[in-house]
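Raw contents of upload-v9.cif, mmCIF, C-alpha atoms:
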```cif
data_work
#
loop_
_atom_site.label_atom_id
_atom_site.label_comp_id
_atom_site.auth_asym_id
_atom_site.auth_seq_id
_atom_site.Cartn_x
_atom_site.Cartn_y
_atom_site.Cartn_z
CA MET W 1 -92.79 2.73 61.40
CA GLN W 2 -89.67 0.69 60.67
CA LEU W 3 -89.71 -1.77 57.80
CA CYS W 4 -90.02 -5.17 59.41
CA TRP W 5 -91.25 -8.69 59.04
CA ILE W 6 -94.03 -9.48 61.49
CA SER W 7 -94.19 -13.17 62.10
CA ALA W 8 -97.45 -15.06 62.37
CA GLU W 9 -96.65 -15.55 66.03
CA SER W 10 -96.35 -11.80 66.48
CA LEU W 11 -99.71 -11.15 64.91
CA VAL W 12 -101.34 -13.42 67.44
CA GLU W 13 -101.76 -11.81 70.86
CA GLN W 14 -98.24 -11.17 72.15
CA ASP W 15 -97.56 -11.60 75.83
CA ILE W 16 -94.07 -10.54 76.86
CA TYR W 17 -95.33 -9.54 80.28
CA ASP W 18 -92.97 -11.83 82.18
CA LYS W 19 -89.93 -10.60 80.29
CA MET W 20 -90.93 -6.97 80.74
CA LYS W 21 -91.58 -7.56 84.43
CA GLN W 22 -88.03 -8.79 84.86
CA THR W 23 -86.56 -5.75 83.10
CA ALA W 24 -89.03 -3.05 84.17
CA ALA W 25 -86.66 -1.70 86.79
CA SER W 26 -83.95 -1.17 84.17
CA LEU W 27 -86.15 0.56 81.58
CA GLN W 28 -84.95 4.02 80.61
CA GLN W 29 -86.67 6.69 82.66
CA GLY W 30 -88.71 9.29 80.79
CA GLY W 31 -87.97 9.62 77.08
CA ASP W 32 -90.21 10.81 74.29
CA PRO W 33 -93.61 9.12 73.91
CA LEU W 34 -94.04 6.87 70.88
CA TRP W 35 -97.02 5.29 69.17
CA TYR W 36 -97.29 1.61 70.11
CA PRO W 37 -99.75 -0.57 68.17
CA MET W 38 -100.99 -3.10 70.72
CA ARG W 39 -103.10 -6.22 70.65
CA VAL W 40 -106.05 -6.34 73.04
CA THR W 41 -107.07 -9.77 74.27
CA TYR W 42 -110.65 -11.00 74.41
CA SER W 43 -112.09 -8.07 72.40
CA GLN W 44 -111.75 -5.64 75.30
CA GLU W 45 -110.87 -2.64 73.13
CA LEU W 46 -113.61 -0.39 74.50
CA LYS W 47 -112.74 -1.23 78.10
CA VAL W 48 -109.07 -0.43 77.49
CA LYS W 49 -110.02 2.76 75.65
CA ALA W 50 -112.06 3.92 78.66
CA ALA W 51 -109.14 3.17 80.98
CA LEU W 52 -106.73 5.13 78.75
CA GLU W 53 -109.12 8.09 78.68
CA LYS W 54 -109.35 8.01 82.48
CA GLN W 55 -105.56 8.13 82.70
CA GLY W 56 -105.36 10.93 80.11
CA ILE W 57 -103.17 8.82 77.81
CA GLU W 58 -103.27 9.63 74.10
CA HIS W 59 -104.57 6.73 72.04
CA PHE W 60 -106.47 5.87 68.88
CA LEU W 61 -109.09 3.18 68.39
CA PRO W 62 -110.47 3.04 64.82
CA MET W 63 -114.26 2.86 64.88
CA LYS W 64 -116.99 2.25 62.32
CA TYR W 65 -120.77 1.99 62.26
CA GLU W 66 -122.37 -1.44 62.11
CA LEU W 67 -125.91 -2.73 62.44
CA VAL W 68 -126.02 -4.54 65.77
CA ASP W 69 -128.84 -6.82 66.85
CA THR W 70 -130.05 -5.80 70.33
CA ASP W 71 -133.00 -7.74 71.70
CA GLY W 72 -134.23 -8.51 68.21
CA SER W 73 -133.90 -4.93 66.92
CA LEU W 74 -131.15 -3.64 64.64
CA HIS W 75 -129.36 -0.51 65.80
CA ARG W 76 -126.62 1.45 64.03
CA THR W 77 -123.79 1.38 66.54
CA LEU W 78 -120.15 2.51 66.64
CA VAL W 79 -117.90 -0.53 67.07
CA PRO W 80 -114.14 -1.12 66.80
CA ALA W 81 -113.20 -1.28 63.12
CA ILE W 82 -110.17 -3.54 63.65
CA HIS W 83 -110.65 -6.30 66.18
CA ASN W 84 -108.15 -6.61 69.03
CA LEU W 85 -105.99 -3.62 68.03
CA ILE W 86 -105.47 -0.22 69.65
CA PHE W 87 -102.75 2.42 69.31
CA VAL W 88 -101.25 3.95 72.45
CA ARG W 89 -98.93 6.98 72.55
CA SER W 90 -96.74 6.91 75.63
CA THR W 91 -93.35 5.66 76.79
CA GLN W 92 -92.60 1.95 76.94
CA GLU W 93 -91.87 2.28 80.64
CA HIS W 94 -95.24 3.88 81.39
CA ILE W 95 -97.20 1.31 79.38
CA THR W 96 -95.34 -1.59 80.94
CA ARG W 97 -95.95 -0.35 84.46
CA LEU W 98 -99.66 0.10 83.72
CA LYS W 99 -99.80 -3.46 82.39
CA MET W 100 -98.04 -4.77 85.47
CA PHE W 101 -99.92 -2.94 88.20
CA GLN W 102 -103.39 -1.99 86.89
CA LYS W 103 -105.78 -4.75 85.88
CA ASP W 104 -107.62 -2.56 83.34
CA PHE W 105 -104.47 -2.61 81.19
CA ALA W 106 -103.70 -6.34 81.56
CA PRO W 107 -105.33 -7.14 78.15
CA LEU W 108 -102.69 -5.06 76.31
CA ARG W 109 -99.98 -6.96 74.45
CA TYR W 110 -96.98 -5.50 72.64
CA ILE W 111 -96.54 -6.45 68.98
CA THR W 112 -93.05 -7.45 67.93
CA CYS W 113 -91.27 -7.71 64.59
CA ARG W 114 -87.91 -8.56 63.08
CA THR W 115 -86.16 -5.75 61.20
CA SER W 116 -83.58 -6.03 58.42
CA SER W 117 -80.90 -5.03 60.95
CA SER W 118 -81.91 -7.59 63.56
CA LEU W 119 -83.32 -10.66 61.85
CA HIS W 120 -82.58 -12.87 64.84
CA LYS W 121 -84.06 -10.57 67.46
CA SER W 122 -87.63 -9.36 67.86
CA GLU W 123 -88.23 -5.69 68.58
CA ILE W 124 -91.33 -3.99 69.92
CA LEU W 125 -93.16 -2.36 67.03
CA THR W 126 -93.72 1.40 66.96
CA VAL W 127 -95.27 3.77 64.42
CA SER W 128 -93.86 7.22 63.65
CA ASP W 129 -95.92 10.31 64.49
CA ARG W 130 -96.07 11.22 60.80
CA GLN W 131 -97.39 7.82 59.71
CA MET W 132 -99.82 7.69 62.59
CA GLN W 133 -101.29 11.13 61.89
CA ASN W 134 -101.62 10.23 58.21
CA PHE W 135 -103.49 7.04 59.17
CA ILE W 136 -105.71 8.83 61.71
CA ARG W 137 -106.74 11.43 59.10
CA VAL W 138 -108.54 8.65 57.23
CA ALA W 139 -109.24 6.01 59.87
CA SER W 140 -110.98 8.47 62.22
CA VAL W 141 -113.75 9.08 59.67
CA THR W 142 -116.86 7.04 60.49
CA ASP W 143 -119.02 7.65 57.42
CA ASP W 144 -119.09 5.73 54.13
CA SER W 145 -116.34 7.85 52.56
CA VAL W 146 -113.84 5.32 53.95
CA MET W 147 -113.74 1.55 54.29
CA PHE W 148 -111.47 -0.66 56.36
CA LEU W 149 -109.66 -3.48 54.61
CA ASN W 150 -108.11 -6.74 55.72
CA TRP W 151 -104.35 -6.11 55.68
CA GLU W 152 -103.58 -9.50 54.13
CA SER W 153 -105.90 -8.75 51.20
CA VAL W 154 -103.79 -5.77 50.08
CA ALA W 155 -100.30 -6.69 51.29
CA ASP W 156 -99.03 -7.99 47.93
CA LYS W 157 -100.86 -5.67 45.57
CA VAL W 158 -98.81 -3.55 43.18
CA SER W 159 -99.37 0.11 43.95
CA ARG W 160 -98.16 3.66 43.26
CA ARG W 161 -97.71 6.28 45.96
CA VAL W 162 -99.86 9.41 45.74
CA GLU W 163 -100.78 12.47 47.78
CA VAL W 164 -104.29 13.89 47.95
CA VAL W 165 -103.92 17.61 47.19
CA GLU W 166 -107.54 18.82 47.32
CA GLY W 167 -110.77 17.98 49.09
CA PRO W 168 -111.45 16.81 52.65
CA PHE W 169 -108.46 14.44 52.63
CA ALA W 170 -105.94 16.99 51.32
CA GLY W 171 -102.46 16.18 52.62
CA VAL W 172 -103.08 12.46 53.05
CA GLU W 173 -100.50 10.16 51.46
CA GLY W 174 -101.35 6.65 50.34
CA VAL W 175 -101.19 4.23 47.44
CA ILE W 176 -103.50 3.60 44.53
CA MET W 177 -104.97 0.11 44.64
CA ARG W 178 -107.72 -1.67 42.78
CA ILE W 179 -110.24 -3.03 45.29
CA ARG W 180 -113.32 -4.85 44.02
CA ARG W 181 -112.67 -3.59 40.48
CA ASN W 182 -112.45 0.06 41.56
CA LYS W 183 -109.40 2.18 42.25
CA HIS W 184 -109.01 3.64 45.75
CA VAL W 185 -106.43 5.56 47.74
CA VAL W 186 -105.33 3.20 50.51
CA VAL W 187 -103.46 4.21 53.66
CA GLN W 188 -101.54 1.33 55.25
CA LEU W 189 -99.64 0.55 58.41
CA GLN W 190 -97.44 -2.37 57.44
CA GLY W 191 -98.68 -5.67 58.78
CA LEU W 192 -101.35 -4.02 60.91
CA ALA W 193 -104.11 -2.13 59.16
CA ALA W 194 -105.35 -0.67 55.90
CA VAL W 195 -108.11 1.84 55.23
CA ALA W 196 -109.31 3.08 51.84
CA ILE W 197 -110.85 6.37 50.74
CA THR W 198 -113.81 5.27 48.67
CA PHE W 199 -113.57 8.05 46.08
CA VAL W 200 -111.01 10.71 45.21
CA PRO W 201 -111.22 12.49 41.81
CA PRO W 202 -108.04 11.80 39.80
CA ALA W 203 -107.49 15.56 39.51
CA PHE W 204 -107.08 15.68 43.32
CA LEU W 205 -104.09 13.32 43.26
CA LYS W 206 -100.37 14.01 42.89
CA LEU W 207 -98.14 11.10 41.94
CA LEU W 208 -95.22 10.71 44.35
CA ASP W 209 -93.45 7.83 42.57
CA LYS W 210 -91.35 9.09 39.68
#
```

Once you've parsed the file, please lay out its structure as structure tokens.
Amino acid sequence: MQLCWISAESLVEQDIYDKMKQTAASLQQGGDPLWYPMRVTYSQELKVKAALEKQGIEHFLPMKYELVDTDGSLHRTLVPAIHNLIFVRSTQEHITRLKMFQKDFAPLRYITCRTSSSLHKSEILTVSDRQMQNFIRVASVTDDSVMFLNWESVADKVSRRVEVVEGPFAGVEGVIMRIRRNKHVVVQLQGLAAVAITFVPPAFLKLLDK
């Protein structure tokens, strides 16, 4: 994912539908699929996920267990871990056409940012395959060995880059951060999401920052 500054406006649900509708015909045909982090309006993540599955489109929706009150009884239920956010791997053309012509995909909104090379122009945000797979390794776990964090709560923390070299998270790269007085390995997607591994023995870590 490119280094960029995501404005407050961009973090709110982005709707560039009208602009994309005007330029859809000129979008490059084909191309390699990319990971697009996308806002989902009105908490319709599960509905959009079902529609993506029906279309056979690769996607990732982080989930976690929560106690949900149903008719006065508490049930442990899988729910979206990050509200109004889903990751879709496809081409921009394909996603835009789905948004334009199929109502199940109307809640999807691109997220934009300004990069160091284009401070006066917003670009649609993408995440590299490598960063996405690293994030999925941790964020796809639904037990208490991981915990999701508010991105703003960790954005300015001083951290050192490490790689987990042993155990169930071997190969994962992240940063060491102190959260609630304890040190954790945190995997971040800038401006979007952060998830922490609750415990990794120090002997299982290799320092990447020299």

(request) With the file shown as input, list the residues that the PyMOL selection byres ((chain W and resi 81) around 12) selects, as number ranges by chain. (result) W: 43, 45-46, 60-66, 77-80, 82-86, 139-142, 146-150, 193-195

(request) Might you pull out every residue within 12 Å of Asn182 in chain W, with only C-alpha atoms counted and same-chain residues fewer than 5 positions away left off, and present them as a PyMOL selection string? (result) chain W and resi 176-177+196-200

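Near (-103.2, 2.3, 76.5), the residues that fall inside 9 Å on the basis of all atoms listed in the file are Tyr36, Met38, Val48, Lys49, Ala51, Leu52, Glu53, Gln55, Ile57, Glu58, His59, Ile86, Phe87, Val88, Arg89, Ser90, Ile95, Leu98, Lys99, Phe105 and Leu108 of chain W.
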
(message) Can you spell out as a PyMOL selection string the set of residues that the PyMOL selection byres ((chain W and resi 154-165) around 12) selects in the structure I just provided?
(response) chain W and resi 134+137-138+148-153+166-180+183-197+199-210

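Counting from CA of Asp71 in chain W, the distance to CA of Gln44 in chain W is 21.7 Å.
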
I would like the residues chosen by the PyMOL selection byres ((chain W and resi 112) around 6) on the shown file; could you give them as a compact mmCIF listing (two decimals) with C-alpha atoms, keeping the file's coordinate frame?
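File written: out_7.txt
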```
# COMPACT_ATOMS: atom_id res chain seq x y z
CA SER W 10 -96.35 -11.80 66.48
CA ILE W 111 -96.54 -6.45 68.98
CA CYS W 113 -91.27 -7.71 64.59
CA SER W 122 -87.63 -9.36 67.86
CA GLU W 123 -88.23 -5.69 68.58
CA ILE W 124 -91.33 -3.99 69.92
CA LEU W 125 -93.16 -2.36 67.03
```

Would you kindly place N, CA, C and O atoms on range 181-193 of chain W and return the model as a PDB file, in the coordinates of the input?
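What ended up in part-v2.pdb:
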```
ATOM      1  N   ARG W 181    -112.604  -4.137  41.839  1.00  0.00           N
ATOM      2  CA  ARG W 181    -112.670  -3.590  40.480  1.00  0.00           C
ATOM      3  C   ARG W 181    -112.605  -2.066  40.419  1.00  0.00           C
ATOM      4  O   ARG W 181    -112.641  -1.482  39.330  1.00  0.00           O
ATOM      5  N   ASN W 182    -112.543  -1.399  41.547  1.00  0.00           N
ATOM      6  CA  ASN W 182    -112.450   0.060  41.560  1.00  0.00           C
ATOM      7  C   ASN W 182    -111.132   0.497  42.180  1.00  0.00           C
ATOM      8  O   ASN W 182    -110.587  -0.174  43.056  1.00  0.00           O
ATOM      9  N   LYS W 183    -110.646   1.656  41.718  1.00  0.00           N
ATOM     10  CA  LYS W 183    -109.400   2.180  42.250  1.00  0.00           C
ATOM     11  C   LYS W 183    -109.679   3.061  43.470  1.00  0.00           C
ATOM     12  O   LYS W 183    -110.594   3.882  43.454  1.00  0.00           O
ATOM     13  N   HIS W 184    -108.863   2.868  44.522  1.00  0.00           N
ATOM     14  CA  HIS W 184    -109.010   3.640  45.750  1.00  0.00           C
ATOM     15  C   HIS W 184    -107.636   4.095  46.237  1.00  0.00           C
ATOM     16  O   HIS W 184    -106.620   3.476  45.935  1.00  0.00           O
ATOM     17  N   VAL W 185    -107.634   5.171  47.025  1.00  0.00           N
ATOM     18  CA  VAL W 185    -106.430   5.560  47.740  1.00  0.00           C
ATOM     19  C   VAL W 185    -106.444   4.811  49.071  1.00  0.00           C
ATOM     20  O   VAL W 185    -107.389   4.939  49.850  1.00  0.00           O
ATOM     21  N   VAL W 186    -105.399   4.032  49.304  1.00  0.00           N
ATOM     22  CA  VAL W 186    -105.330   3.200  50.510  1.00  0.00           C
ATOM     23  C   VAL W 186    -104.183   3.679  51.393  1.00  0.00           C
ATOM     24  O   VAL W 186    -103.064   3.889  50.919  1.00  0.00           O
ATOM     25  N   VAL W 187    -104.477   3.862  52.668  1.00  0.00           N
ATOM     26  CA  VAL W 187    -103.460   4.210  53.660  1.00  0.00           C
ATOM     27  C   VAL W 187    -103.189   2.953  54.481  1.00  0.00           C
ATOM     28  O   VAL W 187    -104.118   2.337  55.001  1.00  0.00           O
ATOM     29  N   GLN W 188    -101.904   2.579  54.591  1.00  0.00           N
ATOM     30  CA  GLN W 188    -101.540   1.330  55.250  1.00  0.00           C
ATOM     31  C   GLN W 188    -100.576   1.569  56.403  1.00  0.00           C
ATOM     32  O   GLN W 188     -99.754   2.477  56.360  1.00  0.00           O
ATOM     33  N   LEU W 189    -100.675   0.710  57.393  1.00  0.00           N
ATOM     34  CA  LEU W 189     -99.640   0.550  58.410  1.00  0.00           C
ATOM     35  C   LEU W 189     -99.175  -0.886  58.259  1.00  0.00           C
ATOM     36  O   LEU W 189     -99.944  -1.823  58.510  1.00  0.00           O
ATOM     37  N   GLN W 190     -97.941  -1.065  57.844  1.00  0.00           N
ATOM     38  CA  GLN W 190     -97.440  -2.370  57.440  1.00  0.00           C
ATOM     39  C   GLN W 190     -97.739  -3.468  58.457  1.00  0.00           C
ATOM     40  O   GLN W 190     -97.410  -3.374  59.624  1.00  0.00           O
ATOM     41  N   GLY W 191     -98.405  -4.512  57.959  1.00  0.00           N
ATOM     42  CA  GLY W 191     -98.680  -5.670  58.780  1.00  0.00           C
ATOM     43  C   GLY W 191     -99.780  -5.502  59.797  1.00  0.00           C
ATOM     44  O   GLY W 191    -100.111  -6.441  60.527  1.00  0.00           O
ATOM     45  N   LEU W 192    -100.385  -4.301  59.854  1.00  0.00           N
ATOM     46  CA  LEU W 192    -101.350  -4.020  60.910  1.00  0.00           C
ATOM     47  C   LEU W 192    -102.732  -3.670  60.401  1.00  0.00           C
ATOM     48  O   LEU W 192    -103.723  -4.262  60.840  1.00  0.00           O
ATOM     49  N   ALA W 193    -102.807  -2.680  59.515  1.00  0.00           N
ATOM     50  CA  ALA W 193    -104.110  -2.130  59.160  1.00  0.00           C
ATOM     51  C   ALA W 193    -104.051  -1.457  57.805  1.00  0.00           C
ATOM     52  O   ALA W 193    -102.989  -1.005  57.350  1.00  0.00           O
TER      53      ALA W 193
END
```
